[in-house]
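Everything below belongs to entry.cif, which stores mmCIF, C-alpha atoms.
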data_query
#
loop_
_atom_site.label_atom_id
_atom_site.label_comp_id
_atom_site.auth_asym_id
_atom_site.auth_seq_id
_atom_site.Cartn_x
_atom_site.Cartn_y
_atom_site.Cartn_z
CA MET A 445 67.14 126.40 186.96
CA SER A 446 66.34 128.30 183.75
CA ASP A 447 65.26 126.56 180.52
CA ARG A 448 68.56 127.56 178.96
CA GLN A 449 70.52 125.98 181.83
CA THR A 450 68.40 122.83 181.57
CA ASN A 451 69.07 122.58 177.83
CA VAL A 452 72.81 123.07 178.31
CA GLN A 453 72.82 120.42 181.03
CA SER A 454 70.91 117.89 178.93
CA ILE A 455 73.26 118.45 175.99
CA SER A 456 76.33 118.04 178.18
CA GLU A 457 74.93 114.82 179.70
CA ARG A 458 73.98 113.30 176.35
CA ARG A 459 75.97 110.14 175.82
CA PRO A 460 78.26 109.98 172.77
CA SER A 461 76.88 108.42 169.61
CA PRO A 462 77.68 104.73 169.20
CA PHE A 463 77.79 105.23 165.43
CA LYS A 464 81.05 106.07 163.68
CA THR A 465 81.31 109.09 161.37
CA LEU A 466 83.35 108.13 158.32
CA LEU A 467 83.19 111.38 156.39
CA ASP A 468 82.04 114.85 157.37
CA GLY A 469 81.84 116.99 154.26
CA GLU A 470 80.54 120.46 153.56
CA ALA A 471 77.14 119.22 152.40
CA ALA A 472 76.80 115.66 153.76
CA THR A 473 77.96 113.35 156.50
CA LEU A 474 78.56 109.62 156.06
CA ILE A 475 77.89 107.51 159.15
CA GLN A 476 78.20 103.76 159.61
CA ALA A 477 75.01 102.37 161.15
CA ALA A 478 76.05 98.69 161.12
CA ASP A 479 78.26 96.38 159.07
CA ASP A 480 77.61 97.25 155.40
CA VAL A 481 74.91 99.81 156.33
CA TYR A 482 75.57 103.53 155.95
CA GLN A 483 73.60 106.72 156.50
CA VAL A 484 74.17 109.67 154.19
CA ARG A 485 72.91 112.64 156.18
CA PHE A 486 72.59 115.80 154.12
CA LYS A 487 73.01 119.21 155.69
CA ASN A 488 70.21 120.93 153.81
CA ARG A 489 66.51 120.06 153.58
CA ALA A 490 67.09 116.70 151.92
CA ALA A 491 66.10 113.49 153.66
CA ASN A 492 68.67 110.91 154.69
CA ALA A 493 69.76 108.26 152.21
CA TYR A 494 70.81 104.76 153.26
CA LEU A 495 73.24 102.42 151.54
CA VAL A 496 72.80 98.72 152.31
CA ARG A 497 75.56 96.65 150.75
CA GLY A 498 74.41 93.05 150.56
CA SER A 499 76.32 89.93 149.58
CA ARG A 500 74.09 89.51 146.51
CA ARG A 501 72.66 92.98 145.87
CA THR A 502 73.27 96.56 146.94
CA ILE A 503 70.45 99.05 147.46
CA LEU A 504 69.79 102.65 148.36
CA ILE A 505 66.82 103.52 150.52
CA ASP A 506 65.83 107.07 149.53
CA VAL A 507 68.24 109.35 147.70
CA GLY A 508 67.58 112.94 148.82
CA LEU A 509 67.10 115.97 146.60
CA SER A 510 68.42 116.18 143.05
CA THR A 511 70.76 119.00 144.07
CA ASN A 512 72.47 116.64 146.52
CA TYR A 513 73.28 113.96 143.95
CA ALA A 514 76.98 114.85 143.63
CA HIS A 515 77.37 114.70 147.41
CA LEU A 516 75.57 111.35 147.49
CA VAL A 517 77.98 109.98 144.88
CA SER A 518 80.93 111.30 146.89
CA CYS A 519 79.73 109.51 150.03
CA LEU A 520 79.16 106.28 148.13
CA GLY A 521 82.64 106.52 146.67
CA HIS A 522 84.12 106.85 150.15
CA VAL A 523 83.06 103.24 150.84
CA GLY A 524 83.96 102.02 147.36
CA VAL A 525 80.51 102.00 145.75
CA THR A 526 79.63 103.65 142.43
CA PRO A 527 76.09 104.52 141.23
CA ASP A 528 76.36 101.74 138.63
CA GLU A 529 76.69 99.21 141.44
CA ILE A 530 73.32 100.12 142.98
CA ASP A 531 70.92 97.33 142.03
CA MET A 532 67.78 98.94 143.43
CA VAL A 533 66.63 102.31 144.75
CA VAL A 534 63.76 101.95 147.22
CA LEU A 535 61.67 105.09 147.73
CA SER A 536 59.93 105.28 151.11
CA HIS A 537 57.16 107.61 149.89
CA GLU A 538 56.48 110.30 147.32
CA HIS A 539 57.97 113.47 148.88
CA LEU A 540 60.73 115.00 146.77
CA ASP A 541 63.16 115.50 149.63
CA HIS A 542 63.37 111.69 149.65
CA ILE A 543 63.15 110.92 145.92
CA GLY A 544 64.36 113.98 143.99
CA ALA A 545 67.65 112.40 142.88
CA ALA A 546 66.04 109.13 141.80
CA TYR A 547 65.99 110.04 138.09
CA HIS A 548 69.79 109.95 138.09
CA PHE A 549 69.52 106.18 138.54
CA HIS A 550 67.28 105.56 135.50
CA GLY A 551 68.78 102.82 133.36
CA ARG A 552 71.23 101.86 136.10
CA SER A 553 69.03 100.58 138.92
CA TYR A 554 65.53 99.30 139.46
CA ILE A 555 63.46 101.96 141.20
CA ALA A 556 60.85 100.67 143.65
CA ALA A 557 58.06 102.26 145.69
CA HIS A 558 54.74 101.32 147.22
CA ARG A 559 52.03 101.22 144.57
CA LEU A 560 50.27 104.32 145.98
CA ALA A 561 53.51 106.31 145.91
CA ALA A 562 54.35 104.93 142.46
CA ASN A 563 51.03 106.17 141.11
CA LYS A 564 51.57 109.70 142.43
CA ILE A 565 55.18 109.83 141.26
CA MET A 566 54.54 108.55 137.75
CA LEU A 567 51.51 110.82 137.27
CA ARG A 568 53.74 113.69 138.47
CA ASP A 569 51.31 114.74 141.17
CA ASP A 570 53.18 117.90 142.11
CA PHE A 571 50.90 118.69 145.05
CA SER A 572 51.46 115.30 146.69
CA MET A 573 55.18 115.34 145.92
CA LEU A 574 55.64 118.85 147.41
CA ARG A 575 57.42 120.12 144.33
CA LYS A 576 56.93 123.81 145.12
CA MET A 577 58.22 123.32 148.65
CA PHE A 578 61.51 121.87 147.41
CA ASN A 579 61.80 123.61 144.01
CA GLU A 580 63.02 120.43 142.33
CA PRO A 581 63.38 120.09 138.53
CA ASN A 582 60.21 118.81 136.88
CA VAL A 583 61.66 115.62 135.44
CA PRO A 584 59.92 112.24 135.27
CA ILE A 585 60.76 109.56 137.80
CA ASP A 586 59.79 106.11 136.55
CA ILE A 587 58.97 103.35 139.02
CA ASP A 588 59.98 99.87 137.87
CA ILE A 589 58.71 97.85 140.84
CA TRP A 590 55.46 98.46 142.72
CA LEU A 591 55.85 97.24 146.30
CA GLU A 592 53.20 95.86 148.61
CA GLU A 593 52.92 94.88 152.27
CA GLY A 594 54.88 91.70 152.95
CA ASN A 595 57.26 91.88 149.97
CA LEU A 596 60.77 90.65 150.75
CA ILE A 597 63.89 92.41 149.49
CA ASP A 598 66.57 89.74 149.76
CA LEU A 599 70.13 91.06 149.58
CA GLY A 600 71.78 87.85 150.74
CA ASN A 601 73.02 88.89 154.16
CA PHE A 602 70.07 91.26 154.62
CA ARG A 603 66.39 90.36 154.35
CA LEU A 604 64.22 93.47 154.35
CA VAL A 605 60.48 93.03 154.73
CA VAL A 606 58.22 95.76 153.34
CA MET A 607 55.70 97.08 155.85
CA TYR A 608 52.92 99.38 154.70
CA THR A 609 52.93 102.16 157.33
CA PRO A 610 50.65 105.02 156.21
CA GLY A 611 50.05 108.14 158.25
CA HIS A 612 52.65 110.70 157.18
CA THR A 613 51.17 110.10 153.71
CA SER A 614 48.96 107.32 152.37
CA ALA A 615 51.95 105.67 150.67
CA CYS A 616 54.66 105.32 153.34
CA ILE A 617 56.58 102.11 153.78
CA THR A 618 58.98 100.89 156.44
CA LEU A 619 61.67 98.26 155.80
CA PHE A 620 62.59 95.88 158.62
CA ASP A 621 65.34 93.30 158.92
CA GLN A 622 64.18 91.07 161.77
CA ASP A 623 67.45 89.17 162.20
CA LYS A 624 69.53 92.33 162.54
CA GLY A 625 66.86 94.55 164.11
CA LEU A 626 67.30 97.28 161.48
CA LEU A 627 64.25 99.54 161.16
CA PHE A 628 64.25 101.86 158.12
CA ALA A 629 61.21 103.91 159.16
CA SER A 630 61.58 107.00 156.98
CA ASP A 631 59.23 109.75 158.26
CA THR A 632 56.98 107.41 160.24
CA LEU A 633 59.30 107.37 163.25
CA MET A 634 62.26 109.57 164.10
CA PRO A 635 64.71 109.73 167.01
CA GLY A 636 63.26 111.08 170.23
CA GLY A 637 59.75 110.25 169.06
CA VAL A 638 59.65 113.23 166.70
CA MET A 639 56.78 112.93 164.23
CA GLY A 640 57.15 113.64 160.54
CA GLY A 641 53.80 115.42 160.32
CA VAL A 642 50.65 114.48 158.45
CA PHE A 643 50.57 115.62 154.83
CA GLY A 644 47.85 115.64 152.17
CA SER A 645 46.79 112.03 151.89
CA GLY A 646 48.02 111.21 155.40
CA SER A 647 45.96 110.48 158.50
CA ILE A 648 46.75 110.77 162.20
CA ALA A 649 44.66 107.64 162.88
CA ASP A 650 46.69 105.69 160.30
CA TYR A 651 49.84 107.15 161.82
CA ILE A 652 48.93 105.75 165.24
CA GLN A 653 48.17 102.33 163.81
CA SER A 654 51.51 102.28 161.97
CA LEU A 655 53.39 103.28 165.12
CA GLU A 656 51.63 100.50 167.07
CA ARG A 657 52.83 98.00 164.45
CA ILE A 658 56.40 99.29 164.76
CA LYS A 659 56.14 99.09 168.54
CA GLY A 660 55.67 95.33 168.28
CA LEU A 661 58.93 94.81 166.41
CA ASN A 662 62.19 93.73 168.00
CA SER A 663 64.03 96.68 166.48
CA LYS A 664 67.53 97.61 167.62
CA ILE A 665 68.55 100.48 165.34
CA LEU A 666 66.26 103.17 163.97
CA LEU A 667 67.29 104.54 160.57
CA SER A 668 64.87 107.38 159.98
CA GLY A 669 64.15 109.82 157.17
CA HIS A 670 65.65 112.79 159.01
CA GLY A 671 68.02 113.29 161.90
CA ARG A 672 70.49 111.05 163.65
CA LEU A 673 70.62 107.29 163.95
CA SER A 674 69.09 105.90 167.13
CA ASP A 675 69.83 102.79 169.14
CA THR A 676 66.72 103.33 171.31
CA PRO A 677 63.87 102.68 168.85
CA GLN A 678 61.56 101.22 171.51
CA GLU A 679 61.74 104.41 173.54
CA ASP A 680 61.39 106.51 170.38
CA VAL A 681 58.18 104.77 169.32
CA ARG A 682 56.73 104.96 172.85
CA ILE A 683 57.14 108.74 172.85
CA ALA A 684 55.82 109.04 169.29
CA ILE A 685 52.65 107.12 170.14
CA GLN A 686 52.06 109.36 173.14
CA ARG A 687 52.53 112.47 171.02
CA SER A 688 50.33 111.19 168.21
CA HIS A 689 47.44 110.57 170.60
CA GLY A 690 47.89 114.12 171.88
CA LEU A 691 47.76 115.39 168.30
CA LEU A 692 44.57 113.41 167.70
CA GLU A 693 42.97 115.00 170.76
CA ASP A 694 44.07 118.46 169.61
CA THR A 695 42.49 117.98 166.18
CA ALA A 696 39.25 116.78 167.79
CA GLN A 697 39.11 119.93 169.90
CA LEU A 698 39.77 122.06 166.84
CA PHE A 699 36.97 120.34 164.94
CA ASP A 700 34.58 120.86 167.86
CA ALA A 701 35.49 124.55 167.92
CA LEU A 702 34.39 125.02 164.32
CA ASP A 703 30.85 125.98 163.39
CA ALA A 704 30.19 122.70 161.62
CA ARG A 705 26.97 123.78 159.92
CA ALA A 706 28.52 126.94 158.49
CA ASN A 707 31.44 124.94 157.11
CA PHE A 708 29.54 121.96 155.71
CA ASP A 709 26.52 123.70 154.20
CA PRO A 710 28.44 124.93 151.09
CA ILE A 711 29.88 121.43 150.61
CA MET A 712 26.49 119.77 150.86
CA GLN A 713 25.02 122.31 148.44
CA SER A 714 27.74 121.40 145.93
CA VAL A 715 26.82 117.73 146.28
CA ARG A 716 23.13 118.54 145.72
CA ASP A 717 24.02 120.58 142.64
CA LEU A 718 26.07 117.71 141.23
CA ASN A 719 23.16 115.33 141.76
CA LYS A 720 20.99 117.56 139.59
CA LEU A 721 23.29 117.48 136.56
CA GLY A 722 21.39 114.59 135.03
CA ASP A 723 17.99 116.37 135.22
#
Take the structure in the file and give it back as structure tokens.
Amino acid sequence: MSDRQTNVQSISERRPSPFKTLLDGEAATLIQAADDVYQVRFKNRAANAYLVRGSRRTILIDVGLSTNYAHLVSCLGHVGVTPDEIDMVVLSHEHLDHIGAAYHFHGRSYIAAHRLAANKIMLRDDFSMLRKMFNEPNVPIDIDIWLEEGNLIDLGNFRLVVMYTPGHTSACITLFDQDKGLLFASDTLMPGGVMGGVFGSGSIADYIQSLERIKGLNSKILLSGHGRLSDTPQEDVRIAIQRSHGLLEDTAQLFDALDARANFDPIMQSVRDLNKLGD
């Protein structure tokens, strides 16, 4: 059987999604992940946004690119929520495909991020935020709340625990509701075990450790930064761990293939020159 036939067969055998599509627009799709939990899945390069409507507070987890803001508002309106009703916007990490539209919520909502992401965002670290990649407007995004490992975001009927899960970048967080099994993993884990890549301040070793932490959770629904919703998070994380170890082995082989002395001599000379500045 050819690869093409195999792909067609696997697509035809794929079971239907258990998640209901509420709105399928030109630029975004609104999908219900659970009671009072919605995925806004944009059709361009923007990351997914998630609306969690609690009995006490309502939050957004990531907001996509600035250019998608009108489509985000349209999706929120479809379930009867306006931007003014968003109590908090939680940013999973510093990349602009996740946070670009956050400035639209200034003065309306508290904006929260891990302290390492907050530092990069507020200093407008364009390299870390991938501004050139996404061509977003250079506007300030202020962070009101600096999150840490173990913080609890209590929405009444949802209790989201902040997990520090670096790897994709140094500042990634995952939110987990243990009672409901909801895992908002952003770019740390995606359906099918797809990895979000290691950028700038990220580390494949940190990535593996974060995936191992996620593996130990009793998660039931994976709500990731890109792609579809998944009701098989345990299988997803198993595959991701396997792939991440393969990536670690590949990078080790690449490092061994380099002429280490030729590459490190200029660096060490720079260090020696710096040490002489006080002479």
Can you work out the spacing between atom CA of A:Asp506 and atom CA of A:Ser688 in Å, to one decimal?
->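 About the pair atom CA of A:Asp506 and atom CA of A:Ser688: they are 24.6 Å apart.
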Would you write out, as a PDB file with C-alpha atoms, in the frame of the given file, every residue that the PyMOL selection byres ((chain A and resi 475) around 6) captures in this file?
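Here's the written file out-v1.pdb:
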ATOM      1  CA  LYS A 464      81.050 106.070 163.680  1.00  0.00           C
ATOM      2  CA  THR A 465      81.310 109.090 161.370  1.00  0.00           C
ATOM      3  CA  LEU A 466      83.350 108.130 158.320  1.00  0.00           C
ATOM      4  CA  LEU A 474      78.560 109.620 156.060  1.00  0.00           C
ATOM      5  CA  GLN A 476      78.200 103.760 159.610  1.00  0.00           C
ATOM      6  CA  TYR A 482      75.570 103.530 155.950  1.00  0.00           C
ATOM      7  CA  GLN A 483      73.600 106.720 156.500  1.00  0.00           C
TER       8      GLN A 483
END
Within 6 Å of (66.0, 96.1, 164.8) (coordinates as in the file), grab all the protein and nucleic acid residues, counting all atoms listed in the file, and write them out as a PyMOL selection string.
-> chain A and resi 624-627+662-665
Can you tell me, as a PyMOL selection string, what residues are no more than 7 Å from A:Val481 when counting all atoms listed in the file, ignoring any on the same chain fewer than 5 positions away?
-> chain A and resi 476+495-497
I want to know what sits within 9 Å of A:Ala546, based on only C-alpha atoms, with residues of the same chain fewer than 4 positions away left out; could you give that as an mmCIF file with C-alpha atoms, keeping the file's coordinate frame?
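Now in result.cif:
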data_model
loop_
_atom_site.group_PDB
_atom_site.id
_atom_site.type_symbol
_atom_site.label_atom_id
_atom_site.label_comp_id
_atom_site.auth_asym_id
_atom_site.auth_seq_id
_atom_site.Cartn_x
_atom_site.Cartn_y
_atom_site.Cartn_z
ATOM 1 C CA ASP A 506 65.830 107.070 149.530
ATOM 2 C CA VAL A 507 68.240 109.350 147.700
ATOM 3 C CA GLY A 508 67.580 112.940 148.820
ATOM 4 C CA LEU A 509 67.100 115.970 146.600
ATOM 5 C CA SER A 510 68.420 116.180 143.050
ATOM 6 C CA TYR A 513 73.280 113.960 143.950
ATOM 7 C CA VAL A 533 66.630 102.310 144.750
ATOM 8 C CA LEU A 535 61.670 105.090 147.730
ATOM 9 C CA HIS A 542 63.370 111.690 149.650
ATOM 10 C CA HIS A 550 67.280 105.560 135.500
ATOM 11 C CA ILE A 555 63.460 101.960 141.200
ATOM 12 C CA ILE A 585 60.760 109.560 137.800
ATOM 13 C CA ASP A 586 59.790 106.110 136.550
#
Could you write out as a PDB file with C-alpha atoms, in the frame of the given file the residues that the PyMOL selection byres ((chain A and resi 593) around 9) matches in the shown file?
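Result file is out23.pdb:
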ATOM      1  CA  HIS A 558      54.740 101.320 147.220  1.00  0.00           C
ATOM      2  CA  LEU A 591      55.850  97.240 146.300  1.00  0.00           C
ATOM      3  CA  GLU A 592      53.200  95.860 148.610  1.00  0.00           C
ATOM      4  CA  GLY A 594      54.880  91.700 152.950  1.00  0.00           C
ATOM      5  CA  ASN A 595      57.260  91.880 149.970  1.00  0.00           C
ATOM      6  CA  VAL A 605      60.480  93.030 154.730  1.00  0.00           C
ATOM      7  CA  VAL A 606      58.220  95.760 153.340  1.00  0.00           C
ATOM      8  CA  MET A 607      55.700  97.080 155.850  1.00  0.00           C
ATOM      9  CA  TYR A 608      52.920  99.380 154.700  1.00  0.00           C
ATOM     10  CA  THR A 609      52.930 102.160 157.330  1.00  0.00           C
ATOM     11  CA  ILE A 617      56.580 102.110 153.780  1.00  0.00           C
TER      12      ILE A 617
END
Could you tell me which residues the PyMOL selection byres ((chain A and resi 561-563) around 10) grabs in this file, written as a VMD selection string?
-> chain A and resid 535 to 539 555 to 560 564 to 569 572 to 573 585 to 591 613 to 617
Interatomic distance (Å, one decimal) between atom CA of A:Ser668 and atom CA of A:Ala491 =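 Taking atom CA of A:Ser668 and atom CA of A:Ala491, their separation equals 8.9 Å.
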Proximity to A:Asp570 - best of A:Gly637, A:Gly669, A:Gly544, A:Ser518, only C-alpha atoms |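 When distances to A:Asp570 are compared using only C-alpha atoms, the smallest one comes from A:Gly544.
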One residue among A:Gln622, A:Thr511, A:Thr473, A:Thr676 is nearest to A:Pro581 when using all atoms listed in the file, and that residue is A:Thr511
Quick one: residues within 7 Å of A:Val642, all atoms listed in the file, excluding same-chain residues fewer than 6 positions away - as an mmCIF file with C-alpha atoms, keeping the file's coordinate frame?
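Result file follows (selection24.cif):
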data_model
loop_
_atom_site.group_PDB
_atom_site.id
_atom_site.type_symbol
_atom_site.label_atom_id
_atom_site.label_comp_id
_atom_site.auth_asym_id
_atom_site.auth_seq_id
_atom_site.Cartn_x
_atom_site.Cartn_y
_atom_site.Cartn_z
ATOM 1 C CA GLY A 611 50.050 108.140 158.250
ATOM 2 C CA HIS A 612 52.650 110.700 157.180
ATOM 3 C CA THR A 613 51.170 110.100 153.710
ATOM 4 C CA ILE A 648 46.750 110.770 162.200
#
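Counting from atom CA of A:Ala545, the distance to atom CA of A:Leu504 is 11.4 Å.
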Rank A:Thr526, A:Ser654, A:Asn579, A:Ser499 by their smallest atom-to-atom distance to A:Asp480, using all atoms listed in the file, and report the top residue only.
->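 Of all the options, A:Ser499 lies closest to A:Asp480.
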Closest of A:Pro635, A:Pro610, A:Pro460, A:Gly498 to A:Ile597, counting all atoms listed in the file, is A:Gly498
For A:Ile685, which residue out of A:His522, A:Lys659, A:Lys487, A:Lys576 is the nearest one, using only C-alpha atoms?
-> A:Lys659
Would you mind putting back N, CA, C and O atoms on stretch 652-666 of chain A, then writing it out as a PDB file, in the frame of the given file?
ATOM      1  N   ILE A 652      48.924 106.459 163.961  1.00  0.00           N
ATOM      2  CA  ILE A 652      48.930 105.750 165.240  1.00  0.00           C
ATOM      3  C   ILE A 652      48.979 104.244 165.029  1.00  0.00           C
ATOM      4  O   ILE A 652      49.737 103.530 165.701  1.00  0.00           O
ATOM      5  N   GLN A 653      48.179 103.761 164.093  1.00  0.00           N
ATOM      6  CA  GLN A 653      48.170 102.330 163.810  1.00  0.00           C
ATOM      7  C   GLN A 653      49.541 101.851 163.328  1.00  0.00           C
ATOM      8  O   GLN A 653      50.028 100.775 163.731  1.00  0.00           O
ATOM      9  N   SER A 654      50.178 102.644 162.475  1.00  0.00           N
ATOM     10  CA  SER A 654      51.510 102.280 161.970  1.00  0.00           C
ATOM     11  C   SER A 654      52.536 102.263 163.096  1.00  0.00           C
ATOM     12  O   SER A 654      53.393 101.364 163.170  1.00  0.00           O
ATOM     13  N   LEU A 655      52.470 103.238 163.988  1.00  0.00           N
ATOM     14  CA  LEU A 655      53.390 103.280 165.120  1.00  0.00           C
ATOM     15  C   LEU A 655      53.176 102.082 166.044  1.00  0.00           C
ATOM     16  O   LEU A 655      54.135 101.514 166.579  1.00  0.00           O
ATOM     17  N   GLU A 656      51.916 101.672 166.230  1.00  0.00           N
ATOM     18  CA  GLU A 656      51.630 100.500 167.070  1.00  0.00           C
ATOM     19  C   GLU A 656      52.227  99.241 166.447  1.00  0.00           C
ATOM     20  O   GLU A 656      52.707  98.355 167.162  1.00  0.00           O
ATOM     21  N   ARG A 657      52.204  99.150 165.117  1.00  0.00           N
ATOM     22  CA  ARG A 657      52.830  98.000 164.450  1.00  0.00           C
ATOM     23  C   ARG A 657      54.334  98.006 164.685  1.00  0.00           C
ATOM     24  O   ARG A 657      54.935  96.962 164.974  1.00  0.00           O
ATOM     25  N   ILE A 658      54.952  99.179 164.557  1.00  0.00           N
ATOM     26  CA  ILE A 658      56.400  99.290 164.760  1.00  0.00           C
ATOM     27  C   ILE A 658      56.764  98.970 166.210  1.00  0.00           C
ATOM     28  O   ILE A 658      57.799  98.352 166.480  1.00  0.00           O
ATOM     29  N   LYS A 659      55.897  99.350 167.119  1.00  0.00           N
ATOM     30  CA  LYS A 659      56.140  99.090 168.540  1.00  0.00           C
ATOM     31  C   LYS A 659      56.307  97.599 168.815  1.00  0.00           C
ATOM     32  O   LYS A 659      57.078  97.197 169.691  1.00  0.00           O
ATOM     33  N   GLY A 660      55.614  96.768 168.058  1.00  0.00           N
ATOM     34  CA  GLY A 660      55.670  95.330 168.280  1.00  0.00           C
ATOM     35  C   GLY A 660      56.879  94.645 167.686  1.00  0.00           C
ATOM     36  O   GLY A 660      57.026  93.420 167.833  1.00  0.00           O
ATOM     37  N   LEU A 661      57.749  95.392 167.037  1.00  0.00           N
ATOM     38  CA  LEU A 661      58.930  94.810 166.410  1.00  0.00           C
ATOM     39  C   LEU A 661      60.108  94.771 167.387  1.00  0.00           C
ATOM     40  O   LEU A 661      60.233  95.627 168.264  1.00  0.00           O
ATOM     41  N   ASN A 662      60.969  93.826 167.191  1.00  0.00           N
ATOM     42  CA  ASN A 662      62.190  93.730 168.000  1.00  0.00           C
ATOM     43  C   ASN A 662      63.301  94.535 167.318  1.00  0.00           C
ATOM     44  O   ASN A 662      64.321  93.985 166.892  1.00  0.00           O
ATOM     45  N   SER A 663      63.072  95.828 167.197  1.00  0.00           N
ATOM     46  CA  SER A 663      64.030  96.680 166.480  1.00  0.00           C
ATOM     47  C   SER A 663      65.151  97.115 167.418  1.00  0.00           C
ATOM     48  O   SER A 663      64.936  97.344 168.610  1.00  0.00           O
ATOM     49  N   LYS A 664      66.347  97.238 166.848  1.00  0.00           N
ATOM     50  CA  LYS A 664      67.530  97.610 167.620  1.00  0.00           C
ATOM     51  C   LYS A 664      68.132  98.934 167.174  1.00  0.00           C
ATOM     52  O   LYS A 664      68.725  99.657 167.980  1.00  0.00           O
ATOM     53  N   ILE A 665      68.024  99.223 165.871  1.00  0.00           N
ATOM     54  CA  ILE A 665      68.550 100.480 165.340  1.00  0.00           C
ATOM     55  C   ILE A 665      67.479 101.131 164.483  1.00  0.00           C
ATOM     56  O   ILE A 665      66.918 100.487 163.592  1.00  0.00           O
ATOM     57  N   LEU A 666      67.202 102.394 164.760  1.00  0.00           N
ATOM     58  CA  LEU A 666      66.260 103.170 163.970  1.00  0.00           C
ATOM     59  C   LEU A 666      67.025 103.996 162.953  1.00  0.00           C
ATOM     60  O   LEU A 666      67.899 104.795 163.310  1.00  0.00           O
TER      61      LEU A 666
END
